[in-house]
$ cat start.cif   # mmCIF, C-alpha atoms
data_run
#
loop_
_atom_site.label_atom_id
_atom_site.label_comp_id
_atom_site.auth_asym_id
_atom_site.auth_seq_id
_atom_site.Cartn_x
_atom_site.Cartn_y
_atom_site.Cartn_z
CA MET X 1 39.92 -85.66 12.62
CA SER X 2 39.06 -84.64 9.09
CA THR X 3 40.42 -85.45 5.68
CA VAL X 4 41.72 -82.38 3.90
CA LYS X 5 42.08 -82.67 0.14
CA LEU X 6 44.19 -80.12 -1.67
CA THR X 7 46.72 -79.75 -4.44
CA VAL X 8 50.26 -79.05 -3.26
CA ASN X 9 52.92 -78.16 -5.83
CA GLY X 10 50.79 -79.64 -8.57
CA LYS X 11 50.11 -82.95 -6.80
CA ALA X 12 46.69 -83.89 -5.40
CA VAL X 13 46.94 -85.04 -1.78
CA ALA X 14 44.48 -86.14 0.92
CA VAL X 15 45.66 -85.82 4.50
CA ASP X 16 43.97 -86.88 7.75
CA VAL X 17 44.56 -84.18 10.34
CA GLU X 18 43.08 -82.91 13.60
CA ASP X 19 40.73 -80.00 12.99
CA ARG X 20 43.04 -77.66 14.91
CA THR X 21 45.95 -78.35 12.54
CA LEU X 22 47.37 -75.27 10.88
CA LEU X 23 48.17 -75.34 7.17
CA VAL X 24 51.89 -74.91 7.93
CA HIS X 25 51.87 -78.07 10.05
CA LEU X 26 50.01 -80.03 7.41
CA LEU X 27 52.76 -79.04 4.96
CA ARG X 28 55.70 -79.64 7.29
CA ASP X 29 54.63 -82.55 9.49
CA HIS X 30 52.37 -84.52 7.16
CA LEU X 31 53.88 -83.83 3.73
CA ASN X 32 57.49 -83.31 4.90
CA LEU X 33 57.68 -80.02 3.02
CA THR X 34 59.93 -78.40 5.60
CA GLY X 35 61.00 -75.50 3.42
CA THR X 36 58.05 -73.52 4.77
CA HIS X 37 59.16 -72.26 8.18
CA VAL X 38 57.47 -71.36 11.44
CA GLY X 39 59.14 -68.21 12.74
CA CYS X 40 57.17 -66.08 15.16
CA ASP X 41 53.93 -68.10 15.28
CA THR X 42 52.12 -64.78 15.87
CA SER X 43 51.37 -63.93 12.21
CA GLN X 44 53.99 -61.20 12.01
CA CYS X 45 57.21 -62.62 10.54
CA GLY X 46 56.12 -64.16 7.24
CA ALA X 47 58.55 -67.15 7.30
CA CYS X 48 55.51 -69.39 6.66
CA VAL X 49 54.22 -67.65 3.51
CA VAL X 50 52.94 -69.96 0.77
CA HIS X 51 50.74 -69.33 -2.27
CA MET X 52 47.13 -70.42 -2.00
CA ASP X 53 45.12 -70.11 -5.21
CA GLY X 54 47.71 -67.61 -6.42
CA ARG X 55 47.76 -65.42 -3.30
CA ALA X 56 50.61 -65.19 -0.77
CA VAL X 57 49.19 -66.11 2.63
CA LYS X 58 50.60 -66.87 6.07
CA SER X 59 50.20 -70.63 6.44
CA CYS X 60 50.55 -70.36 10.24
CA THR X 61 47.38 -68.28 10.31
CA MET X 62 45.11 -70.69 8.46
CA LEU X 63 43.54 -73.93 9.55
CA ALA X 64 44.36 -76.82 7.24
CA GLY X 65 40.60 -77.21 6.73
CA GLN X 66 40.37 -73.73 5.26
CA ALA X 67 42.71 -74.90 2.48
CA ASP X 68 40.46 -77.82 1.54
CA GLY X 69 40.06 -77.79 -2.24
CA ALA X 70 42.76 -75.17 -2.68
CA ASN X 71 45.83 -75.10 -4.87
CA VAL X 72 48.89 -74.51 -2.70
CA THR X 73 52.43 -73.77 -3.86
CA THR X 74 55.35 -73.90 -1.43
CA ILE X 75 59.01 -72.92 -1.82
CA GLU X 76 59.67 -76.53 -2.97
CA GLY X 77 57.31 -76.05 -5.92
CA ILE X 78 58.69 -73.03 -7.74
CA ALA X 79 61.91 -74.26 -9.35
CA LYS X 80 61.77 -76.14 -12.65
CA GLY X 81 63.84 -79.22 -11.87
CA ASP X 82 67.40 -77.99 -11.33
CA GLU X 83 66.62 -74.54 -12.71
CA LEU X 84 65.92 -72.10 -9.91
CA HIS X 85 62.94 -69.76 -10.11
CA PRO X 86 64.18 -66.29 -11.20
CA MET X 87 63.41 -65.00 -7.68
CA GLN X 88 65.53 -67.75 -6.09
CA ALA X 89 68.36 -67.07 -8.56
CA ALA X 90 68.21 -63.33 -7.83
CA PHE X 91 68.38 -63.95 -4.06
CA ARG X 92 71.49 -66.07 -4.59
CA ASP X 93 73.15 -63.63 -7.00
CA ASN X 94 72.44 -60.58 -4.81
CA HIS X 95 73.35 -62.30 -1.55
CA GLY X 96 69.79 -61.67 -0.36
CA LEU X 97 70.11 -63.99 2.62
CA GLN X 98 72.40 -64.75 5.50
CA CYS X 99 71.01 -67.39 7.86
CA GLY X 100 68.26 -68.19 5.37
CA TYR X 101 65.48 -68.82 7.86
CA CYS X 102 63.18 -66.10 6.51
CA THR X 103 64.14 -66.74 2.88
CA PRO X 104 61.36 -69.15 1.80
CA GLY X 105 58.70 -66.73 3.02
CA MET X 106 60.57 -63.76 1.56
CA ILE X 107 60.73 -65.45 -1.84
CA MET X 108 57.05 -66.47 -1.84
CA SER X 109 55.98 -62.96 -0.80
CA ALA X 110 58.34 -61.37 -3.32
CA ILE X 111 56.97 -63.42 -6.22
CA ASP X 112 53.48 -62.28 -5.25
CA ILE X 113 54.65 -58.64 -5.15
CA VAL X 114 56.09 -58.90 -8.66
CA HIS X 115 52.89 -60.55 -9.93
CA ARG X 116 50.79 -57.76 -8.46
CA HIS X 117 52.91 -54.86 -9.62
CA GLY X 118 54.39 -56.19 -12.85
CA GLY X 119 56.87 -53.71 -14.29
CA GLN X 120 55.83 -50.90 -11.93
CA LEU X 121 58.11 -51.91 -9.07
CA ASP X 122 60.47 -49.45 -7.43
CA GLU X 123 62.54 -49.68 -4.26
CA ALA X 124 60.01 -47.86 -2.07
CA THR X 125 57.20 -50.17 -3.19
CA VAL X 126 59.27 -53.28 -2.49
CA ARG X 127 60.20 -52.04 0.98
CA HIS X 128 56.57 -51.19 1.77
CA GLU X 129 55.21 -54.47 0.44
CA LEU X 130 57.74 -56.59 2.32
CA GLU X 131 56.46 -55.29 5.65
CA GLY X 132 54.85 -58.63 6.49
CA ASN X 133 58.21 -60.44 6.27
CA ILE X 134 60.83 -59.98 8.96
CA CYS X 135 64.56 -60.65 8.46
CA ARG X 136 66.91 -60.48 11.43
CA CYS X 137 70.19 -60.71 9.47
CA THR X 138 70.42 -58.75 6.27
CA GLY X 139 69.03 -55.32 7.06
CA TYR X 140 66.83 -55.95 3.97
CA HIS X 141 69.12 -54.08 1.58
CA ASN X 142 70.15 -57.06 -0.52
CA ILE X 143 66.68 -58.57 -0.30
CA VAL X 144 65.25 -55.45 -1.90
CA LYS X 145 67.98 -55.54 -4.55
CA ALA X 146 67.16 -59.19 -5.26
CA VAL X 147 63.44 -58.53 -5.65
CA LEU X 148 64.04 -55.65 -8.07
CA ASP X 149 66.52 -57.78 -10.02
CA ALA X 150 64.07 -60.68 -10.15
CA ALA X 151 61.24 -58.42 -11.31
CA GLY X 152 63.25 -57.75 -14.47
CA ARG X 153 64.16 -61.41 -14.92
CA MET X 154 60.55 -62.55 -14.42
CA LYS X 155 59.35 -60.16 -17.13
CA VAL X 156 61.97 -61.60 -19.50
CA SER X 157 61.10 -65.21 -18.63
CA GLN X 158 57.37 -64.54 -19.00
CA ALA X 159 57.97 -62.93 -22.39
CA ALA X 160 59.95 -66.01 -23.48
CA GLU X 161 57.12 -68.40 -22.60
CA MET P 1 45.76 -74.37 20.16
CA TYR P 2 43.19 -76.44 22.02
CA GLN P 3 41.07 -79.02 20.23
CA THR P 4 38.20 -77.69 18.18
CA THR P 5 35.82 -78.92 15.50
CA TYR P 6 35.98 -77.19 12.13
CA HIS P 7 32.88 -76.69 9.97
CA ARG P 8 32.67 -75.04 6.57
CA ALA P 9 29.28 -73.44 6.05
CA SER P 10 27.93 -73.03 2.53
CA SER P 11 25.22 -70.51 3.43
CA VAL P 12 24.42 -68.00 6.17
CA ASP P 13 21.45 -70.12 7.24
CA GLU P 14 23.64 -73.21 7.54
CA ALA P 15 26.19 -71.24 9.58
CA ALA P 16 23.48 -70.02 11.95
CA SER P 17 22.11 -73.54 12.35
CA LEU P 18 25.59 -74.98 13.04
CA PHE P 19 26.07 -72.30 15.68
CA GLY P 20 22.80 -73.28 17.35
CA LYS P 21 23.95 -76.91 17.59
CA SER P 22 27.33 -76.11 19.14
CA SER P 23 28.07 -75.48 22.79
CA ASP P 24 30.59 -72.68 22.38
CA ALA P 25 31.14 -71.87 18.72
CA LYS P 26 32.95 -69.00 17.02
CA PHE P 27 32.52 -67.79 13.46
CA LEU P 28 35.70 -67.73 11.36
CA ALA P 29 36.04 -65.49 8.31
CA GLY P 30 39.61 -64.57 7.37
CA GLY P 31 40.95 -65.83 10.67
CA GLN P 32 43.61 -63.13 10.95
CA THR P 33 42.47 -62.30 14.49
CA LEU P 34 40.67 -65.41 15.72
CA LEU P 35 43.43 -67.89 14.83
CA PRO P 36 46.26 -65.94 16.53
CA VAL P 37 44.04 -65.63 19.62
CA MET P 38 43.30 -69.37 19.54
CA LYS P 39 47.00 -70.15 19.13
CA GLN P 40 47.70 -68.15 22.26
CA ARG P 41 44.97 -70.16 23.98
CA LEU P 42 43.10 -66.97 24.81
CA ALA P 43 40.10 -68.42 22.98
CA SER P 44 39.12 -72.08 22.90
CA PRO P 45 35.87 -72.44 20.96
CA SER P 46 34.35 -75.93 20.85
CA ASP P 47 33.51 -75.35 17.19
CA VAL P 48 34.80 -73.04 14.48
CA ILE P 49 32.30 -72.21 11.74
CA ASP P 50 34.01 -71.01 8.56
CA LEU P 51 32.10 -68.25 6.72
CA GLY P 52 34.92 -67.61 4.26
CA LYS P 53 33.50 -69.62 1.35
CA ILE P 54 29.87 -68.43 1.55
CA LYS P 55 29.07 -66.84 -1.83
CA GLU P 56 26.32 -64.53 -0.52
CA LEU P 57 28.90 -62.91 1.79
CA GLN P 58 31.28 -61.98 -1.04
CA GLY P 59 31.46 -58.90 -3.19
CA VAL P 60 30.83 -55.17 -3.51
CA GLU P 61 27.77 -53.38 -4.91
CA LEU P 62 27.42 -49.70 -5.76
CA SER P 63 23.82 -48.63 -6.14
CA GLY P 64 23.07 -44.93 -6.37
CA ASP P 65 24.61 -43.29 -3.31
CA THR P 66 25.12 -46.51 -1.35
CA LEU P 67 28.24 -48.65 -1.40
CA THR P 68 27.63 -52.10 0.06
CA ILE P 69 30.53 -54.37 0.97
CA LYS P 70 29.57 -57.95 1.82
CA ALA P 71 30.98 -59.16 5.12
CA ALA P 72 33.43 -61.83 3.97
CA THR P 73 35.03 -59.66 1.27
CA THR P 74 38.77 -59.56 1.92
CA TYR P 75 40.74 -56.34 2.40
CA TYR P 76 42.61 -57.04 -0.84
CA ASP P 77 39.38 -57.43 -2.81
CA ILE P 78 38.07 -54.19 -1.26
CA MET P 79 41.19 -52.14 -2.00
CA THR P 80 41.33 -53.27 -5.61
CA ASN P 81 37.59 -52.95 -6.30
CA ALA P 82 36.75 -50.35 -8.96
CA ASP P 83 33.47 -49.30 -7.30
CA VAL P 84 35.17 -48.76 -3.93
CA LYS P 85 37.93 -46.70 -5.54
CA LYS P 86 35.36 -44.62 -7.41
CA ALA P 87 32.74 -44.11 -4.67
CA ILE P 88 34.79 -43.91 -1.46
CA PRO P 89 38.52 -43.87 -2.27
CA ALA P 90 39.27 -43.28 1.44
CA ILE P 91 38.06 -46.85 2.12
CA ALA P 92 40.35 -48.22 -0.58
CA TYR P 93 43.22 -46.29 1.01
CA LEU P 94 42.34 -47.45 4.55
CA THR P 95 42.39 -51.05 3.34
CA SER P 96 45.72 -50.59 1.58
CA VAL P 97 47.47 -49.60 4.83
CA LEU P 98 45.80 -52.24 6.98
CA GLY P 99 48.02 -55.11 8.16
CA ASP P 100 50.44 -56.44 5.54
CA PRO P 101 49.84 -57.95 2.08
CA ALA P 102 49.33 -61.51 3.38
CA VAL P 103 46.89 -60.31 6.03
CA ARG P 104 45.01 -58.25 3.42
CA TYR P 105 44.51 -61.36 1.27
CA ARG P 106 42.73 -63.14 4.14
CA GLY P 107 41.23 -60.58 6.56
CA THR P 108 37.65 -59.41 6.02
CA ILE P 109 35.60 -56.31 6.80
CA GLY P 110 33.09 -58.38 8.75
CA GLY P 111 35.80 -59.88 10.93
CA SER P 112 37.33 -56.47 11.60
CA ILE P 113 34.11 -54.93 12.91
CA ALA P 114 32.79 -58.05 14.69
CA ASN P 115 35.97 -58.18 16.73
CA ASN P 116 35.95 -54.39 17.35
CA ASP P 117 39.60 -54.27 18.34
CA PRO P 118 40.24 -50.80 19.82
CA ALA P 119 43.01 -50.27 17.26
CA ALA P 120 41.25 -51.70 14.18
CA ASP P 121 40.81 -49.36 11.21
CA PHE P 122 37.37 -50.20 9.83
CA PRO P 123 35.33 -49.19 12.92
CA ALA P 124 36.47 -45.58 12.37
CA ALA P 125 35.29 -45.67 8.74
CA LEU P 126 31.88 -47.06 9.69
CA LEU P 127 31.35 -44.53 12.47
CA ALA P 128 32.53 -41.50 10.48
CA LEU P 129 30.56 -42.43 7.37
CA GLY P 130 27.41 -43.29 9.33
CA ALA P 131 27.35 -46.80 7.87
CA THR P 132 24.74 -49.48 8.51
CA VAL P 133 25.70 -53.00 9.58
CA LYS P 134 23.45 -55.67 8.05
CA THR P 135 23.13 -58.98 9.86
CA ASN P 136 21.09 -62.13 9.27
CA LYS P 137 18.53 -60.67 11.70
CA ARG P 138 18.44 -56.87 11.33
CA SER P 139 20.14 -53.62 10.37
CA ILE P 140 22.19 -51.76 12.98
CA ALA P 141 23.41 -48.16 12.64
CA ALA P 142 27.16 -47.82 13.25
CA ASP P 143 26.37 -45.38 16.09
CA ASP P 144 24.61 -48.26 17.90
CA PHE P 145 26.91 -51.08 16.81
CA PHE P 146 30.21 -50.39 18.60
CA LYS P 147 29.78 -50.86 22.35
CA GLY P 148 33.31 -50.56 23.73
CA LEU P 149 36.51 -52.62 23.63
CA PHE P 150 35.95 -55.88 21.74
CA THR P 151 32.20 -55.41 22.29
CA THR P 152 29.44 -54.91 19.72
CA ALA P 153 25.64 -54.96 19.57
CA LEU P 154 25.79 -58.42 17.96
CA GLU P 155 23.82 -61.10 19.77
CA ASP P 156 25.08 -64.65 20.23
CA GLY P 157 25.04 -66.40 16.88
CA GLU P 158 24.16 -63.27 14.89
CA ILE P 159 26.10 -63.03 11.62
CA ILE P 160 27.16 -59.81 9.89
CA THR P 161 26.22 -60.12 6.22
CA ALA P 162 27.22 -56.71 4.82
CA VAL P 163 28.08 -53.10 5.57
CA SER P 164 26.35 -50.28 3.66
CA PHE P 165 28.08 -46.92 3.38
CA PRO P 166 26.36 -43.74 2.21
CA VAL P 167 28.70 -42.23 -0.41
CA PRO P 168 30.09 -39.01 1.14
CA ALA P 169 30.97 -35.72 -0.53
CA LYS P 170 34.50 -36.01 0.87
CA ALA P 171 36.31 -38.48 3.09
CA GLY P 172 39.84 -39.17 4.26
CA TYR P 173 41.72 -41.47 6.64
CA GLU P 174 45.16 -41.23 8.18
CA LYS P 175 46.80 -43.19 10.95
CA MET P 176 50.01 -43.40 12.90
CA ARG P 177 50.96 -47.01 12.43
CA HIS P 178 52.62 -49.12 15.03
CA PRO P 179 55.80 -50.17 13.20
CA ALA P 180 55.64 -53.84 14.20
CA SER P 181 51.96 -54.72 14.34
CA ARG P 182 50.74 -52.21 11.71
CA PHE P 183 47.77 -51.53 13.98
CA ALA P 184 46.72 -47.90 14.31
CA LEU P 185 48.41 -46.25 17.28
CA THR P 186 45.72 -43.71 16.49
CA GLY P 187 43.78 -43.31 13.25
CA VAL P 188 41.21 -40.71 12.27
CA PHE P 189 38.53 -40.95 9.58
CA VAL P 190 36.88 -37.69 8.50
CA ALA P 191 33.78 -37.45 6.32
CA GLN P 192 31.62 -34.68 4.91
CA THR P 193 28.21 -35.97 3.92
CA LYS P 194 26.45 -34.82 0.78
CA SER P 195 24.09 -32.78 2.96
CA GLY P 196 27.05 -30.88 4.48
CA ASP P 197 27.21 -32.64 7.84
CA VAL P 198 30.64 -33.58 9.18
CA ARG P 199 31.46 -36.74 11.11
CA VAL P 200 34.86 -37.62 12.54
CA ALA P 201 35.82 -40.89 14.23
CA ALA P 202 39.07 -41.95 15.91
CA THR P 203 40.37 -45.46 16.45
CA GLY P 204 43.19 -46.53 18.77
CA ALA P 205 42.66 -43.51 21.00
CA SER P 206 39.87 -44.08 23.51
CA GLN P 207 39.79 -46.61 26.33
CA SER P 208 36.26 -47.44 25.20
CA GLY P 209 37.17 -48.16 21.60
CA VAL P 210 36.30 -46.23 18.46
CA MET P 211 34.84 -42.78 19.21
CA ARG P 212 33.35 -39.72 17.54
CA VAL P 213 35.31 -36.46 18.01
CA PRO P 214 32.66 -33.71 18.39
CA ALA P 215 35.15 -30.83 18.83
CA ILE P 216 36.81 -31.57 15.49
CA GLU P 217 33.44 -32.16 13.82
CA ALA P 218 32.29 -28.67 14.88
CA ALA P 219 35.51 -27.04 13.69
CA LEU P 220 35.36 -28.78 10.31
CA LYS P 221 31.68 -28.02 9.86
CA ALA P 222 32.50 -24.31 10.15
CA ASN P 223 35.56 -24.58 7.91
CA TRP P 224 36.61 -27.77 6.08
CA SER P 225 40.38 -27.35 6.17
CA PRO P 226 43.31 -28.75 8.17
CA SER P 227 43.97 -25.33 9.74
CA ALA P 228 40.44 -25.25 11.19
CA ILE P 229 41.66 -27.85 13.70
CA ASP P 230 44.74 -25.85 14.77
CA ASN P 231 43.10 -24.46 17.90
CA VAL P 232 40.98 -27.46 18.84
CA SER P 233 42.12 -29.04 22.06
CA ILE P 234 41.52 -32.74 22.66
CA SER P 235 41.31 -33.93 26.27
CA ALA P 236 43.58 -36.81 27.27
CA SER P 237 41.01 -37.98 29.77
CA GLY P 238 39.74 -41.47 28.96
CA LEU P 239 42.37 -42.06 26.27
CA LEU P 240 44.58 -45.14 26.07
CA ALA P 241 48.06 -45.07 27.57
CA ASP P 242 50.63 -47.84 27.12
CA ILE P 243 54.32 -48.38 26.39
CA HIS P 244 53.77 -47.06 22.86
CA GLY P 245 52.35 -43.69 23.86
CA THR P 246 50.79 -41.70 26.68
CA ALA P 247 47.20 -40.46 26.71
CA GLU P 248 48.47 -36.93 26.00
CA TYR P 249 50.44 -38.22 23.01
CA ARG P 250 47.34 -39.93 21.65
CA ALA P 251 45.25 -36.78 22.20
CA ASN P 252 47.72 -34.90 20.03
CA LEU P 253 47.68 -37.72 17.46
CA VAL P 254 43.88 -37.41 17.15
CA LYS P 255 44.35 -33.80 16.11
CA VAL P 256 47.31 -34.36 13.79
CA MET P 257 45.78 -37.40 12.10
CA ALA P 258 42.50 -35.49 11.62
CA GLN P 259 44.42 -32.67 9.93
CA ARG P 260 46.21 -35.10 7.64
CA ALA P 261 42.94 -36.89 6.86
CA VAL P 262 41.26 -33.62 5.87
CA ALA P 263 44.24 -32.77 3.67
CA ALA P 264 43.97 -36.21 2.06
CA ALA P 265 40.22 -35.80 1.54
CA GLY P 266 40.81 -32.52 -0.30
#
$ encode --input "start.cif" --output "structure tokens"
Amino acid sequence: MSTVKLTVNGKAVAVDVEDRTLLVHLLRDHLNLTGTHVGCDTSQCGACVVHMDGRAVKSCTMLAGQADGANVTTIEGIAKGDELHPMQAAFRDNHGLQCGYCTPGMIMSAIDIVHRHGGQLDEATVRHELEGNICRCTGYHNIVKAVLDAAGRMKVSQAAE
Amino acid sequence: MYQTTYHRASSVDEAASLFGKSSDAKFLAGGQTLLPVMKQRLASPSDVIDLGKIKELQGVELSGDTLTIKAATTYYDIMTNADVKKAIPAIAYLTSVLGDPAVRYRGTIGGSIANNDPAADFPAALLALGATVKTNKRSIAADDFFKGLFTTALEDGEIITAVSFPVPAKAGYEKMRHPASRFALTGVFVAQTKSGDVRVAATGASQSGVMRVPAIEAALKANWSPSAIDNVSISASGLLADIHGTAEYRANLVKVMAQRAVAAAG
């Protein structure tokens, strides 16, 4: 057992876990942040994506200990109170989900894509960059639409801040 | 995953000493290979020694005609590095098509070559560019480093600290990607050194891991152009065959990917 200290969604936490614990299980089982999903468990599907120190990573492919001292943001940490994050709002408005299982990871990856590319996003880039996130329902079309829509909204909301 | 004990090393020396005190330890850098393998219970190290936060293993240096990438530098930091893009853009490109964005944020060059997966991308770059692998004990030429599937010249407890690449006159990389895993079904790295020599390496093709392709090297040395490879024939003997492609298919891929890589190199 080890104590892992990290910041999750702005709150400092210290959690006692077995050394073999994956970050996703620390989040889900110890902090009850069950919005981050385990999909494939083989590092391919991206349902478990969270932000660690500003980078979108697969939390099923990290030991909790590797996140010691890190700043982690999960899907629960991106809205401002009742106001959805622009990416969440765009997924809702564009019907970018059906069953919703992949959605938390999609949204966390998509925010990272927009941060990396800023205003330079086009459809081909979004499709290429979403390759680490698998959706079994939508056929991706509305997800791509949502990400492009959100890219515009995020620019506007950043400019307003 | 079986029980294990996690250690975070703050220096290469500390990592080596932790390894010496453990019964069956493994080094962990980005973890994009080791952790999936541990989750499948194909590996069950008693101890996992994390190299990911060691400062001396991070970063890129360009000095004269040598580009040095420290071992725990992530793919993302390699592909966005200005010196890499300037000195050997083919490496920046290779890194940009490796895995997916989340994997590129975590995976490292040291992990890629230490594991020597037969379908990994970086071994082809090292072999084609005639790179040198630096460890905490010695320097190893790429020609002597890769010893077959998942096998390298590394001794127990030896730690890769950096890879040094001679800056080539021209270089290019192309691969046929497996659509689900993003691993190279076959990938070819071509390089023309500043002295005019040509080296070509293929990954994902041979049953014994990354390999040089002498027939294509000879053709390109005579004439550096995609069409120079038109009449080269690659033997399917000793090549991988699986549900994704036959040995004959891979032999053809070696040729086609080499042509595309030369075209990309210009």
$ interface_residues --input "start.cif" --of "chain P" --to "chain X" --cutoff "10 Å" --atoms "only C-alpha atoms" --output "mmCIF file with C-alpha atoms, in the coordinates of the input"
data_model
loop_
_atom_site.group_PDB
_atom_site.id
_atom_site.type_symbol
_atom_site.label_atom_id
_atom_site.label_comp_id
_atom_site.auth_asym_id
_atom_site.auth_seq_id
_atom_site.Cartn_x
_atom_site.Cartn_y
_atom_site.Cartn_z
ATOM 1 C CA MET P 1 45.760 -74.370 20.160
ATOM 2 C CA TYR P 2 43.190 -76.440 22.020
ATOM 3 C CA GLN P 3 41.070 -79.020 20.230
ATOM 4 C CA THR P 4 38.200 -77.690 18.180
ATOM 5 C CA THR P 5 35.820 -78.920 15.500
ATOM 6 C CA TYR P 6 35.980 -77.190 12.130
ATOM 7 C CA HIS P 7 32.880 -76.690 9.970
ATOM 8 C CA ARG P 8 32.670 -75.040 6.570
ATOM 9 C CA LEU P 28 35.700 -67.730 11.360
ATOM 10 C CA ALA P 29 36.040 -65.490 8.310
ATOM 11 C CA GLY P 30 39.610 -64.570 7.370
ATOM 12 C CA GLY P 31 40.950 -65.830 10.670
ATOM 13 C CA GLN P 32 43.610 -63.130 10.950
ATOM 14 C CA THR P 33 42.470 -62.300 14.490
ATOM 15 C CA LEU P 34 40.670 -65.410 15.720
ATOM 16 C CA LEU P 35 43.430 -67.890 14.830
ATOM 17 C CA PRO P 36 46.260 -65.940 16.530
ATOM 18 C CA VAL P 37 44.040 -65.630 19.620
ATOM 19 C CA MET P 38 43.300 -69.370 19.540
ATOM 20 C CA LYS P 39 47.000 -70.150 19.130
ATOM 21 C CA GLN P 40 47.700 -68.150 22.260
ATOM 22 C CA ASP P 47 33.510 -75.350 17.190
ATOM 23 C CA VAL P 48 34.800 -73.040 14.480
ATOM 24 C CA ASP P 50 34.010 -71.010 8.560
ATOM 25 C CA GLY P 52 34.920 -67.610 4.260
ATOM 26 C CA LYS P 53 33.500 -69.620 1.350
ATOM 27 C CA VAL P 97 47.470 -49.600 4.830
ATOM 28 C CA GLY P 99 48.020 -55.110 8.160
ATOM 29 C CA ASP P 100 50.440 -56.440 5.540
ATOM 30 C CA PRO P 101 49.840 -57.950 2.080
ATOM 31 C CA ALA P 102 49.330 -61.510 3.380
ATOM 32 C CA VAL P 103 46.890 -60.310 6.030
ATOM 33 C CA ARG P 104 45.010 -58.250 3.420
ATOM 34 C CA TYR P 105 44.510 -61.360 1.270
ATOM 35 C CA ARG P 106 42.730 -63.140 4.140
ATOM 36 C CA PRO P 179 55.800 -50.170 13.200
ATOM 37 C CA ALA P 180 55.640 -53.840 14.200
ATOM 38 C CA SER P 181 51.960 -54.720 14.340
ATOM 39 C CA ARG P 182 50.740 -52.210 11.710
#
$ closest_residue --input "start.cif" --among "P:Ser10, P:Phe165, P:Pro214, P:Val262" --to "Glu61 (chain P)" --atoms "all atoms listed in the file"
P:Phe165
$ atom_distance --input "start.cif" --atom1 "CA of Ala71 (chain P)" --atom2 "CA of Val12 (chain P)"
11.1 Å
$ resolve_selection --input "start.cif" --expression "the PyMOL selection byres ((chain X and resi 99) around 9)" --output "list in words"
Leu97, Gln98, Gly100, Tyr101, Cys102, Thr103, Arg136, Cys137 and Thr138 of chain X
$ atom_distance --input "start.cif" --atom1 "CA of Pro104 (chain X)" --atom2 "CA of Ala47 (chain X)"
6.5 Å
$ resolve_selection --input "start.cif" --expression "the PyMOL selection byres ((chain P and resi 166-168) around 7)" --output "list of chain:residue names"
P:Asp65, P:Thr66, P:Leu67, P:Ala87, P:Ile88, P:Leu129, P:Ala131, P:Ser164, P:Phe165, P:Ala169, P:Lys170, P:Ala171, P:Ala191, P:Gln192, P:Thr193, P:Lys194
$ closest_residue --input "start.cif" --among "P:Ala9, P:Ala184, P:Ile49, P:Val210" --to "Asp24 (chain P)" --atoms "all atoms listed in the file"
P:Ile49
$ resolve_selection --input "start.cif" --expression "the PyMOL selection byres ((chain P and resi 116) around 8)" --output "number ranges by chain"
P: 112-115, 117-118, 120, 123, 146, 148-152, 209
$ atom_distance --input "start.cif" --atom1 "CA of Arg199 (chain P)" --atom2 "CA of Leu127 (chain P)"
7.9 Å
$ residues_around --input "start.cif" --residues "Ile109 (chain P)" --least-positions-apart "4" --cutoff "9 Å" --atoms "all atoms listed in the file" --output "list of chain:residue names"
P:Ile69, P:Lys70, P:Ala71, P:Ala72, P:Thr73, P:Thr74, P:Tyr75, P:Ile78, P:Ile113, P:Ala114, P:Phe122, P:Ala162, P:Val163
$ closest_residue --input "start.cif" --among "X:Val126, X:Val38, X:Ile143, X:Cys48" --to "Met108 (chain X)" --atoms "only C-alpha atoms"
X:Cys48
$ residues_around --input "start.cif" --residues "Leu185 (chain P)" --least-positions-apart "5" --cutoff "12 Å" --atoms "all atoms listed in the file" --output "PyMOL selection string"
chain P and resi 117-121+174-180+202-206+239-247+249-254+257
